Amino acid sequence: MARRRVEVLPAGRRMRVPLLVVGGGPAGMAAAIEAARGGLACTLLDEGPRLGGQIYRQPPASFRVRDARALGRDHGRGAALRAELAAAGAGIDARPGTSVVGIWGRDVAWVAGDASGTITAEQLVLATGAYDRPVPFPGWTLPGVLTAGGAQGLVKTMRVAPGRRALVAGTGPLLLVVANQLHQAGVEVVAVVEAGRPSWSPRALGKVWGEPGLLKDAWDHWRALRRAGIPLRFNQTVFAAHGAREVEAVTHGPVDPETWSPIRERARRVDVDLLVVGFGFVPNTELTALAGCRHRYVHELGGWTPVRTARMETTVPGVFAAGDGAGVAGALVAVEEGRIAGITAAEQAGLLGSAEAERRRAPPAARLRSLARVREVLDEISRLRPGLTELATPETVACRCEEVSIAEVDGALAHGARDLQAIKLMTRLGMGPCQGRNCAPSMALHVAHAAGEGPEAMGRINPRPPIKPATVGALANLNLHRIGDAQGRAAQPAGSQG
Amino acid sequence: MSRAADVVVVGGGVIGGAVAYYAARRGLRVTLVDQPKPGRATSASAGGLWPLGESAGLGCGVIFHKAMVASGAAAAGQGPEQLPQSFLDFAIRSNGMFPRLSEELREAAGMDIELEATSLLFLMYDEGDEAFARALRQSWPGRRSQLEWLTPEAAAGAEPALTRELRGALRFHGDDQVNPYRTADALRAGARRHGARLLSHTEVTGIEVERGRVVAVRTRSERLPTGIVVNAAGAWAGQVAEMVGVEVPVRPVRGQIVCTATLPPLLAACVSTTDCYLAQKQHGEVIIGSTTEEVGFDSGVTLTAIQTLCAGAVRAVPALADVEVKRVWSGFRPGSPDELPVLGPVDGLEGYLNACGHFRTGVLTAPLTGLMLVELMMGEQPSYPVEPFLLSRFARAAERGGGLARRQVEQVEEAEEVGGREGVRRRG
Amino acid sequence: MKHQQASEPMDRRVEDGLQRGRPVEIVVDGLPVPAFEGESVAAALLAAGTRVLRTTARHGAPRGLYCGIGLCFECVMIVDRRPNVRTCQTPVRDGMQVETQQGEGRWPDAASRSCRRAGA
């Protein structure tokens with residue numbers, strides 16, 4: 001039984017650890033588990049009050065689970081992983097409630113409320129997860145429009161129905177899951193509209209056959225929807241949300257199967273008070289960027305992703321990236337990637353021989369290959385097509401935080417702005433509290449579409465610390481024992497400080 | 001486009017924008033070439049317009065001085081380096097141009113540069129601060145009306161958010177603020193409105209000189225024939241000057257900034273302390289700055305700076321403790337050896353004009369720089385003497401060992417390496 | 001902003017599967033709203049049917065929960081006199097004071113800083 005210390009890290013002391021895992025979701029937990037099994041002690045930080053990340057998010061500690069089945073399959077998978085963590089040995093020091101706000105080489109700064117400190121890690125696994133991809137359309141900022149991830153969290157862990165009558169729109173298997181969860185929570189789901197269309201070709205079916213568990217999942221969800229009388233429509237999406245102060249109605253309609261361009265003449269309006277949108281996810285790559293890892297833009301993986309070896313190592317030696325934070329592929333993939341990272345970290349720390357490490361990596365690697373075939377099928381259905389950029393009109397809000405409209409973005413383009421940074425300075429897009437998370441991905445596509453270039457040409461809004469909210473007071477408490485923040489100077493040798 | 005421009009301005013920050021604006025407004029055919037680079041000063045700047053403050057060594061000066069005293073590189077009694085009278089007058093003149101410029105740009109560009117009459121408040125934490133402030137007031141008899149001494153009670157009344165642990169405050173009336181990147185935007189848009197051609201995201205790759213005069217500027221894709229080129233390339237001015245075989249001793253001096261979340265009005269004035277300065281911008285964010293570092297072109301931010309600036313901010317304005325930091329960034333001030341800008345012609349080369357090296361006060365001195373450059377281009381007597389700012393002054397001062405300021409920075413860095421942490425800690 | 005009135009009780013909570021923590025009460029714009037220990041402020045408001053949590057600075061537009069994971073800052077309200085608090089990340093506390101935030105909100109005690117600056 002692992003001793004899991006839950007108190008906050010001692011503030012104001014520099015710590016040294018052999019392995020730091022950032023993120024306590026499926027990838028991070030799996031990495032910690034395998035590192036510990038390999039004899040490598042590790043510290044695991046997660047910003048949430050309890051481990052699990054998003055997909056395996058736990059209800060609050062003061063809630064008691066009466067019937068786990070009502071919480072869905074993921075809850076069970078999360079519980080199993082947590083049990084593995086507990087059994088993996090005393091070497092895992094898990095600290096929830098702790099956000100990592102920046103990274104300098106191997107030095108990581110963390111914040112927990114008003115406390116803060118730094119940790120120097122010999123190796124790092126960055127398992128920072130992903131967030132719902134923003135897709136702007138008229139009315140998307142109205143209260144009552146929720147991301148699929150947000151809706152799922154409310155239903156699963158808070159057990160609150162976010163509305164009475166809902167339309168679920170977007171793309172990908174998560175829509176089925178969320179629709180079912182809403183239905184079971186008593187929400188009347190009027191339809192699920194999927195922008196893509198599955199291919200029932202033998203080739204596609206052959207690829208998913210290798211993962212019978214996933215197939216069964218999908219089948220069960222689809223069947224539940226059918227039994228509930230909830231229609232599932234393909235090549236359709238949301239066009240607009242309407243309402244004075246909250247969602248009162250939603251317009252939806254068909255899209256061109258190739259381009260996903262909205263076919264507005266066939267739009268229909270339905271009275272709902274809840275619109276749940278899920279268009280995939282964007283990896284959280286602020287830390288890999290600040291750590292100096294090389295990235296490349298991979299549309300199917302959600303955008304910018306760190307370049308990695310098959311052993312999950314980034315271009316910075318000793319820094320691993322695993323799970324959705326390194327490329328969106330779902331919880332099952334995240335777990336296997338996390339395992340590989342943990343095993344490799346133990347190997348590189350000299351605690352596992354390479355033959356043993358290879359032996360341990362083989363099963364997760366095999367699962368990854370099998371899951372990759374399923375991913376191919378899903379990606380083909382859910383790869384975002386450029387027509388989605390046509391949903392927004394000039395009046396549509398592009399940057400939610402700073403209330404910058406599409407028209408203002410187009411105005412900046414007309415004034416010579418050529419990348420996101422230039423648009424940002426001209427319009428304030430990306431200067432709000434979310435620091436571009438909810439506008440940069442969609443605006444990169446919008447601008448690329450207009451310029452006839454790829455979204456990678458638009459650059460990024462460069463991440464800067466603190467990448468998670470931290471107060472002035474908390475950061476004032478960073479009690480640094482050395483000045484010599486590495487830039488241009490040799491890093492000081494590991495001292496006995498902290 | 002092969003039609004010759006009268007002048008090509010290299011660099012489209014606030015200085016290049018001002019030169020382009022005044023030149024275009026004057027009827028000259030202007031081409032402005034700008035390649036945005038990470039860490040360029042205009043967009044990193046806090047946007048303070050502090051002619052008195054900066055000349056007196058406030059803002060970054062007192063922060064830097066405190067660090068130097070802590071490390072033994074300077075004596076406590078003497079106070080921070082003050083800039084010469086020629087600079088003070090130059091800065092005050094330029095500051096005075098802002099109200100009219102603000103109106104002009106509102107009309108020409110339809111943009112608001114967010115000019116605000118904040119004044120600048122220097123907080124006195126201890127006896128040293130008090131002595132410094134007293135000495136300032138005495139050394140500027142002519143400026144007495146612009147300096148207002150506030151008792152602790154008066155400071156509390158004027159700025160309820162300030163800490164009560166003050167010996168008082170010294171207010172500099174007329175030291176105000178603006179939105180720096182908005183200003184640069186508006187200047188560029190104003191220039192375009194007056195007929196200037198803007199080549200954005202375009203790098204200058206060479207400058208052609210024939211028989212001692214400039215004849216063209218080259219970019220990757222174009223040759224721009226012209227008789228006049230203005231070097232407004234900020235921290236990169238040295239590289240541009242090399243293209244004509246001139247040595248301009250501008251080097252990047254990094255400054256880091258902590259930016260808070262958008263807040264309801266908290267501070268009416270800009271605030272300067274020995275730990276940091278604070279400016280709440282019109283939009284509502286509080287800018288906390290800054291550092292003075294020589295790290296080449298490293299545009300990263302450091303834990304030390306974040307911790308020190310945040311600690312300084314909480315000390316000055318306790319309510320900031322609970323406010324979230326939205327972002328930390330850095331920029332490169334174009335530093336010159338004597339901290340004065342490098343303006344005007346160089347010996348032996350016709351058609352080349354410097355407009356660089358503005359160090360801490362680029363935004364403040366942009367209007368007058370722009371005006372003077374245009375007058376020089378037209379062969380007129382400039383509105384302010386250019387002699388103190390000519391490049392040739394460095395040749396004359398070569399014997400004195402060049403960079404006084406640079407030496408000071410190096411001393412501090414050394415002291416920090418060896419064991420000056422206590423000094424930094426004390427700032428918090 | 002609608003809260004539950006005595007005549008139309010609304011509770012969008014789902015009962016099966018979980019047993020909530022201890023019941024508590026928070027005060028929202030001066031009116032009491034029931035909640036349970038462990039819930040986020042946003043969830044408690046949602047359960048009571050309140051989805052408009054703030055209005056924006058520039059256009060006064062209504063906003064509410066969107067991402068649910070603390071990333072979008074749409075759910076911010078003034079909590080115990082502090083503005084810009086993300087209600088989806090804040091657990092309820094008995095007696096907690098919550099207010100709809102207009103724009104950037106306001107400071108608890110300072111008089112309005114209207115002396116700030118006309119443009120020169």
# chains A, B, ... in the order shown; residues from 1 in each chain; ligands from 1
call {"tool": "residues_around", "arguments": {"residues": "range 148-153 of chain B", "least_positions_apart": "4", "cutoff": "9 Å", "atoms": "only C-alpha atoms", "output": "MDAnalysis selection string"}}
result
chainID B and resid 133 137 144 157:158 164:173
call {"tool": "write_last_selection", "arguments": {"atoms": "all heavy atoms", "output": "CSV table (one decimal), in the first residue's frame"}}
result
chain,number,residue,atom,x,y,z
B,133,ALA,N,14.8,61.5,-2.6
B,133,ALA,CA,13.8,62.4,-3.1
B,133,ALA,C,14.0,63.8,-2.7
B,133,ALA,O,13.8,64.7,-3.5
B,133,ALA,CB,12.4,61.9,-2.5
B,137,ARG,N,14.5,67.1,-5.4
B,137,ARG,CA,13.7,68.3,-5.4
B,137,ARG,C,14.6,69.5,-5.3
B,137,ARG,O,14.4,70.5,-5.9
B,137,ARG,CB,12.8,68.3,-4.1
B,137,ARG,CG,11.4,68.9,-4.4
B,137,ARG,CD,10.5,68.6,-3.3
B,137,ARG,NE,11.0,68.9,-2.0
B,137,ARG,CZ,10.2,69.4,-1.0
B,137,ARG,NH1,8.9,69.6,-1.3
B,137,ARG,NH2,10.7,69.6,0.2
B,144,ARG,N,10.3,72.8,-9.5
B,144,ARG,CA,9.6,72.6,-8.2
B,144,ARG,C,8.1,72.5,-8.4
B,144,ARG,O,7.5,71.7,-7.7
B,144,ARG,CB,9.9,73.9,-7.4
B,144,ARG,CG,9.9,73.8,-5.9
B,144,ARG,CD,10.7,72.6,-5.3
B,144,ARG,NE,12.1,72.9,-5.2
B,144,ARG,CZ,12.7,73.7,-4.4
B,144,ARG,NH1,12.0,74.5,-3.7
B,144,ARG,NH2,14.0,73.8,-4.4
B,157,GLY,N,-4.4,59.0,1.0
B,157,GLY,CA,-5.6,59.6,0.5
B,157,GLY,C,-5.7,59.6,-1.0
B,157,GLY,O,-6.7,59.3,-1.6
B,158,ALA,N,-4.5,59.9,-1.6
B,158,ALA,CA,-4.5,59.9,-3.1
B,158,ALA,C,-4.6,58.5,-3.7
B,158,ALA,O,-5.2,58.3,-4.7
B,158,ALA,CB,-3.2,60.6,-3.5
B,164,ARG,N,0.6,51.3,3.7
B,164,ARG,CA,0.7,52.4,4.6
B,164,ARG,C,2.1,52.5,5.2
B,164,ARG,O,2.4,53.5,5.8
B,164,ARG,CB,-0.2,52.1,5.8
B,164,ARG,CG,-1.7,52.2,5.4
B,164,ARG,CD,-2.1,53.6,5.0
B,164,ARG,NE,-3.6,53.6,4.8
B,164,ARG,CZ,-4.2,53.4,3.6
B,164,ARG,NH1,-3.5,53.2,2.5
B,164,ARG,NH2,-5.5,53.5,3.5
B,165,GLU,N,3.0,51.5,4.9
B,165,GLU,CA,4.3,51.6,5.4
B,165,GLU,C,5.2,52.5,4.5
B,165,GLU,O,6.1,52.0,3.8
B,165,GLU,CB,4.9,50.2,5.5
B,165,GLU,CG,3.9,49.2,6.0
B,165,GLU,CD,4.4,48.4,7.1
B,165,GLU,OE1,5.7,48.4,7.3
B,165,GLU,OE2,3.6,47.8,7.9
B,166,LEU,N,4.9,53.7,4.6
B,166,LEU,CA,5.6,54.7,3.7
B,166,LEU,C,6.1,55.9,4.6
B,166,LEU,O,5.4,56.3,5.5
B,166,LEU,CB,4.7,55.3,2.6
B,166,LEU,CG,4.3,54.4,1.5
B,166,LEU,CD1,3.4,55.2,0.6
B,166,LEU,CD2,5.5,53.8,0.7
B,167,ARG,N,7.2,56.4,4.2
B,167,ARG,CA,7.6,57.7,4.8
B,167,ARG,C,7.0,58.9,4.0
B,167,ARG,O,7.2,60.0,4.4
B,167,ARG,CB,9.1,57.8,4.8
B,167,ARG,CG,9.7,56.9,5.8
B,167,ARG,CD,11.2,56.8,5.6
B,167,ARG,NE,11.8,56.2,6.8
B,167,ARG,CZ,12.3,56.9,7.8
B,167,ARG,NH1,12.4,58.2,7.7
B,167,ARG,NH2,12.8,56.3,8.8
B,168,GLY,N,6.4,58.5,2.9
B,168,GLY,CA,5.9,59.6,2.0
B,168,GLY,C,6.0,59.2,0.6
B,168,GLY,O,6.5,58.1,0.3
B,169,ALA,N,5.7,60.2,-0.3
B,169,ALA,CA,5.9,59.9,-1.7
B,169,ALA,C,6.2,61.2,-2.4
B,169,ALA,O,5.8,62.3,-1.9
B,169,ALA,CB,4.6,59.3,-2.3
B,170,LEU,N,6.8,61.1,-3.5
B,170,LEU,CA,7.1,62.3,-4.3
B,170,LEU,C,6.4,62.1,-5.7
B,170,LEU,O,6.7,61.2,-6.4
B,170,LEU,CB,8.7,62.4,-4.6
B,170,LEU,CG,9.1,63.7,-5.3
B,170,LEU,CD1,8.8,64.9,-4.5
B,170,LEU,CD2,10.6,63.6,-5.6
B,171,ARG,N,5.6,63.1,-6.0
B,171,ARG,CA,4.8,63.0,-7.2
B,171,ARG,C,5.4,63.8,-8.3
B,171,ARG,O,5.8,65.0,-8.1
B,171,ARG,CB,3.4,63.5,-7.0
B,171,ARG,CG,2.5,63.1,-8.2
B,171,ARG,CD,1.1,63.8,-8.1
B,171,ARG,NE,0.2,63.4,-7.1
B,171,ARG,CZ,-0.5,62.3,-7.1
B,171,ARG,NH1,-0.4,61.5,-8.1
B,171,ARG,NH2,-1.3,62.0,-6.1
B,172,PHE,N,5.6,63.2,-9.5
B,172,PHE,CA,6.1,64.0,-10.7
B,172,PHE,C,4.9,64.2,-11.6
B,172,PHE,O,4.4,63.3,-12.2
B,172,PHE,CB,7.1,63.1,-11.4
B,172,PHE,CG,8.3,62.8,-10.6
B,172,PHE,CD1,8.4,61.9,-9.6
B,172,PHE,CD2,9.5,63.5,-10.9
B,172,PHE,CE1,9.5,61.7,-8.9
B,172,PHE,CE2,10.7,63.3,-10.2
B,172,PHE,CZ,10.7,62.4,-9.2
B,173,HIS,N,4.4,65.5,-11.6
B,173,HIS,CA,3.3,65.8,-12.4
B,173,HIS,C,3.8,65.9,-13.9
B,173,HIS,O,4.9,66.3,-14.1
B,173,HIS,CB,2.7,67.2,-12.0
B,173,HIS,CG,1.9,67.1,-10.8
B,173,HIS,ND1,0.6,66.6,-10.7
B,173,HIS,CD2,2.3,67.4,-9.5
B,173,HIS,CE1,0.2,66.7,-9.5
B,173,HIS,NE2,1.2,67.1,-8.7
call {"tool": "residues_around", "arguments": {"residues": "range 71-77 of chain C", "least_positions_apart": "5", "cutoff": "8 Å", "atoms": "only C-alpha atoms", "output": "PyMOL selection string"}}
result
(chain A and resi 401+433-434+437-438) or (chain C and resi 42+53-54+63-66+83-88+98-101)
call {"tool": "closest_atom_pairs", "arguments": {"of": "chain C", "to": "chain A", "cutoff": "6 Å", "atoms": "only C-alpha atoms", "output": "CSV"}}
result
residue,atom,partner,partner_atom,distance
C:Arg12,CA,A:Ala161,CA,5.3
C:Arg13,CA,A:Val160,CA,4.4
C:Val14,CA,A:Arg159,CA,5.1
C:Gly17,CA,A:Asp67,CA,4.4
C:Leu18,CA,A:Val65,CA,4.5
C:Gln19,CA,A:Arg64,CA,4.9
C:Arg20,CA,A:Phe63,CA,4.4
C:Gly21,CA,A:Ser62,CA,4.9
C:Gly38,CA,A:Pro60,CA,5.2
C:Ala47,CA,A:Val160,CA,5.9
C:Arg51,CA,A:Pro143,CA,5.9
C:Val52,CA,A:Pro143,CA,5.9
C:Pro62,CA,A:Arg245,CA,6.0
C:Arg63,CA,A:Pro143,CA,5.2
C:Gly64,CA,A:Pro143,CA,4.6
C:Tyr66,CA,A:Leu146,CA,4.6
C:Cys67,CA,A:Gly150,CA,4.8
C:Gly68,CA,A:Gly150,CA,4.2
C:Cys72,CA,A:Cys434,CA,5.4
call {"tool": "residues_around", "arguments": {"residues": "range 194-205 of chain A", "least_positions_apart": "6", "cutoff": "8 Å", "atoms": "only C-alpha atoms", "output": "PyMOL selection string"}}
result
chain A and resi 169-172+175+232-237+255+257+260+377+381-382
call {"tool": "interface_residues", "arguments": {"of": "chain B", "to": "chain C", "cutoff": "6 Å", "atoms": "only C-alpha atoms", "output": "count of residues only"}}
result
8
call {"tool": "interface_residues", "arguments": {"of": "chain B", "to": "chain A", "cutoff": "9 Å", "atoms": "only C-alpha atoms", "output": "JSON, numbers by chain"}}
result
{"B": [36, 43, 181, 182, 185, 189, 198, 199, 200, 201, 258, 260, 261, 262, 295, 296, 298, 300, 301, 302, 303, 304, 306, 307, 308, 309, 310, 311, 312, 313, 314, 318, 320, 321, 322, 323, 324, 325, 326, 327, 328, 329, 416, 417, 419, 420, 421, 424, 425, 428]}
call {"tool": "atom_distance", "arguments": {"atom1": "CA of Met29 in chain A", "atom2": "CA of Ala326 in chain A"}}
result
15.2 Å
call {"tool": "select_by_dssp", "arguments": {"residues": "range 194-396 of chain B", "states": "helix (DSSP H, G or I)", "output": "VMD selection string"}}
result
chain B and resid 234 to 242 303 to 316 318 to 322 362 to 377 387 to 389 392 to 396
call {"tool": "atom_distance", "arguments": {"atom1": "CA of Val22 in chain A", "atom2": "CA of Ser99 in chain A"}}
result
8.7 Å
call {"tool": "atom_distance", "arguments": {"atom1": "CA of Arg393 in chain B", "atom2": "CA of Leu349 in chain B"}}
result
16.1 Å
call {"tool": "select_by_dssp", "arguments": {"residues": "range 73-152 of chain A", "states": "strand (DSSP E)", "output": "PyMOL selection string"}}
result
chain A and resi 92-95+99-104+107-112+115-126+130-132+145-147
call {"tool": "residues_around", "arguments": {"residues": "Ile406 in chain A", "least_positions_apart": "3", "cutoff": "8 Å", "atoms": "only C-alpha atoms", "output": "NGL selection string"}}
result
:A and (392-398 or 409-410)
call {"tool": "write_last_selection", "arguments": {"atoms": "N, CA and C atoms", "output": "mmCIF file, in the first residue's frame"}}
result
data_model
loop_
_atom_site.group_PDB
_atom_site.id
_atom_site.type_symbol
_atom_site.label_atom_id
_atom_site.label_comp_id
_atom_site.auth_asym_id
_atom_site.auth_seq_id
_atom_site.Cartn_x
_atom_site.Cartn_y
_atom_site.Cartn_z
ATOM 1 N N ALA A 392 -18.591 30.605 -38.445
ATOM 2 C CA ALA A 392 -18.517 31.932 -37.840
ATOM 3 C C ALA A 392 -18.856 33.012 -38.850
ATOM 4 N N THR A 393 -19.554 34.030 -38.371
ATOM 5 C CA THR A 393 -19.851 35.213 -39.197
ATOM 6 C C THR A 393 -18.984 36.361 -38.687
ATOM 7 N N PRO A 394 -18.963 37.495 -39.392
ATOM 8 C CA PRO A 394 -18.151 38.621 -38.919
ATOM 9 C C PRO A 394 -18.471 39.049 -37.482
ATOM 10 N N GLU A 395 -19.718 38.870 -37.056
ATOM 11 C CA GLU A 395 -20.065 39.319 -35.707
ATOM 12 C C GLU A 395 -19.701 38.293 -34.645
ATOM 13 N N THR A 396 -19.379 37.089 -35.056
ATOM 14 C CA THR A 396 -19.092 36.035 -34.084
ATOM 15 C C THR A 396 -17.872 36.387 -33.258
ATOM 16 N N VAL A 397 -17.940 36.088 -31.985
ATOM 17 C CA VAL A 397 -16.802 36.329 -31.099
ATOM 18 C C VAL A 397 -15.687 35.355 -31.442
ATOM 19 N N ALA A 398 -14.494 35.893 -31.702
ATOM 20 C CA ALA A 398 -13.330 35.041 -31.966
ATOM 21 C C ALA A 398 -12.560 34.796 -30.674
ATOM 22 N N VAL A 409 -10.664 40.618 -36.378
ATOM 23 C CA VAL A 409 -9.509 39.814 -36.818
ATOM 24 C C VAL A 409 -9.260 40.046 -38.305
ATOM 25 N N ASP A 410 -10.351 40.047 -39.083
ATOM 26 C CA ASP A 410 -10.189 40.285 -40.518
ATOM 27 C C ASP A 410 -9.658 41.687 -40.779
#
call {"tool": "residues_around", "arguments": {"residues": "Leu388 in chain A", "least_positions_apart": "6", "cutoff": "10 Å", "atoms": "only C-alpha atoms", "output": "PDB file with N, CA, C and O atoms, in the first residue's frame"}}
result
ATOM      1  N   VAL A 135     -14.511  25.912 -31.374  1.00  0.00           N
ATOM      2  CA  VAL A 135     -14.997  26.146 -32.735  1.00  0.00           C
ATOM      3  C   VAL A 135     -16.038  27.248 -32.650  1.00  0.00           C
ATOM      4  O   VAL A 135     -17.118  27.043 -32.112  1.00  0.00           O
ATOM      5  N   PRO A 136     -15.708  28.438 -33.124  1.00  0.00           N
ATOM      6  CA  PRO A 136     -16.663  29.543 -32.983  1.00  0.00           C
ATOM      7  C   PRO A 136     -17.809  29.468 -33.973  1.00  0.00           C
ATOM      8  O   PRO A 136     -17.624  29.083 -35.125  1.00  0.00           O
ATOM      9  N   PHE A 137     -18.990  29.811 -33.486  1.00  0.00           N
ATOM     10  CA  PHE A 137     -20.180  29.941 -34.326  1.00  0.00           C
ATOM     11  C   PHE A 137     -21.071  30.963 -33.628  1.00  0.00           C
ATOM     12  O   PHE A 137     -20.876  31.261 -32.444  1.00  0.00           O
ATOM     13  N   ALA A 195     -20.634  15.650 -37.348  1.00  0.00           N
ATOM     14  CA  ALA A 195     -20.283  16.307 -38.616  1.00  0.00           C
ATOM     15  C   ALA A 195     -19.736  15.317 -39.628  1.00  0.00           C
ATOM     16  O   ALA A 195     -19.898  15.498 -40.837  1.00  0.00           O
ATOM     17  N   THR A 237     -24.216  19.536 -38.398  1.00  0.00           N
ATOM     18  CA  THR A 237     -23.587  20.212 -37.263  1.00  0.00           C
ATOM     19  C   THR A 237     -24.407  21.412 -36.810  1.00  0.00           C
ATOM     20  O   THR A 237     -25.421  21.756 -37.433  1.00  0.00           O
ATOM     21  N   VAL A 238     -23.974  22.018 -35.740  1.00  0.00           N
ATOM     22  CA  VAL A 238     -24.629  23.211 -35.217  1.00  0.00           C
ATOM     23  C   VAL A 238     -24.254  24.400 -36.094  1.00  0.00           C
ATOM     24  O   VAL A 238     -23.108  24.516 -36.549  1.00  0.00           O
ATOM     25  N   PHE A 239     -25.220  25.270 -36.345  1.00  0.00           N
ATOM     26  CA  PHE A 239     -24.956  26.501 -37.080  1.00  0.00           C
ATOM     27  C   PHE A 239     -24.952  27.707 -36.154  1.00  0.00           C
ATOM     28  O   PHE A 239     -24.185  28.646 -36.349  1.00  0.00           O
ATOM     29  N   VAL A 255     -23.990  19.398 -43.509  1.00  0.00           N
ATOM     30  CA  VAL A 255     -22.741  19.936 -44.026  1.00  0.00           C
ATOM     31  C   VAL A 255     -22.289  19.087 -45.201  1.00  0.00           C
ATOM     32  O   VAL A 255     -22.652  17.911 -45.305  1.00  0.00           O
ATOM     33  N   THR A 259     -16.180  18.739 -47.283  1.00  0.00           N
ATOM     34  CA  THR A 259     -15.573  19.948 -46.731  1.00  0.00           C
ATOM     35  C   THR A 259     -16.175  20.358 -45.388  1.00  0.00           C
ATOM     36  O   THR A 259     -15.615  21.198 -44.699  1.00  0.00           O
ATOM     37  N   TRP A 260     -17.309  19.795 -45.036  1.00  0.00           N
ATOM     38  CA  TRP A 260     -18.079  20.195 -43.845  1.00  0.00           C
ATOM     39  C   TRP A 260     -18.554  21.629 -43.941  1.00  0.00           C
ATOM     40  O   TRP A 260     -18.839  22.264 -42.932  1.00  0.00           O
ATOM     41  N   SER A 261     -18.658  22.173 -45.134  1.00  0.00           N
ATOM     42  CA  SER A 261     -19.232  23.509 -45.272  1.00  0.00           C
ATOM     43  C   SER A 261     -20.708  23.450 -44.949  1.00  0.00           C
ATOM     44  O   SER A 261     -21.412  22.530 -45.396  1.00  0.00           O
ATOM     45  N   PRO A 262     -21.222  24.409 -44.200  1.00  0.00           N
ATOM     46  CA  PRO A 262     -22.639  24.378 -43.824  1.00  0.00           C
ATOM     47  C   PRO A 262     -23.535  24.601 -45.040  1.00  0.00           C
ATOM     48  O   PRO A 262     -23.269  25.473 -45.857  1.00  0.00           O
ATOM     49  N   PHE A 279     -15.709  19.062 -30.525  1.00  0.00           N
ATOM     50  CA  PHE A 279     -15.011  18.943 -31.810  1.00  0.00           C
ATOM     51  C   PHE A 279     -13.577  18.480 -31.602  1.00  0.00           C
ATOM     52  O   PHE A 279     -12.646  18.959 -32.247  1.00  0.00           O
ATOM     53  N   SER A 442      -8.569  28.124 -33.332  1.00  0.00           N
ATOM     54  CA  SER A 442      -9.561  28.394 -34.370  1.00  0.00           C
ATOM     55  C   SER A 442      -9.112  29.528 -35.276  1.00  0.00           C
ATOM     56  O   SER A 442      -9.376  29.506 -36.484  1.00  0.00           O
ATOM     57  N   LEU A 445      -6.744  28.413 -37.943  1.00  0.00           N
ATOM     58  CA  LEU A 445      -7.451  27.804 -39.077  1.00  0.00           C
ATOM     59  C   LEU A 445      -8.134  28.874 -39.919  1.00  0.00           C
ATOM     60  O   LEU A 445      -8.111  28.825 -41.146  1.00  0.00           O
ATOM     61  N   HIS A 446      -8.757  29.828 -39.252  1.00  0.00           N
ATOM     62  CA  HIS A 446      -9.482  30.885 -39.959  1.00  0.00           C
ATOM     63  C   HIS A 446      -8.536  31.670 -40.866  1.00  0.00           C
ATOM     64  O   HIS A 446      -8.820  31.897 -42.045  1.00  0.00           O
TER      65      HIS A 446
END
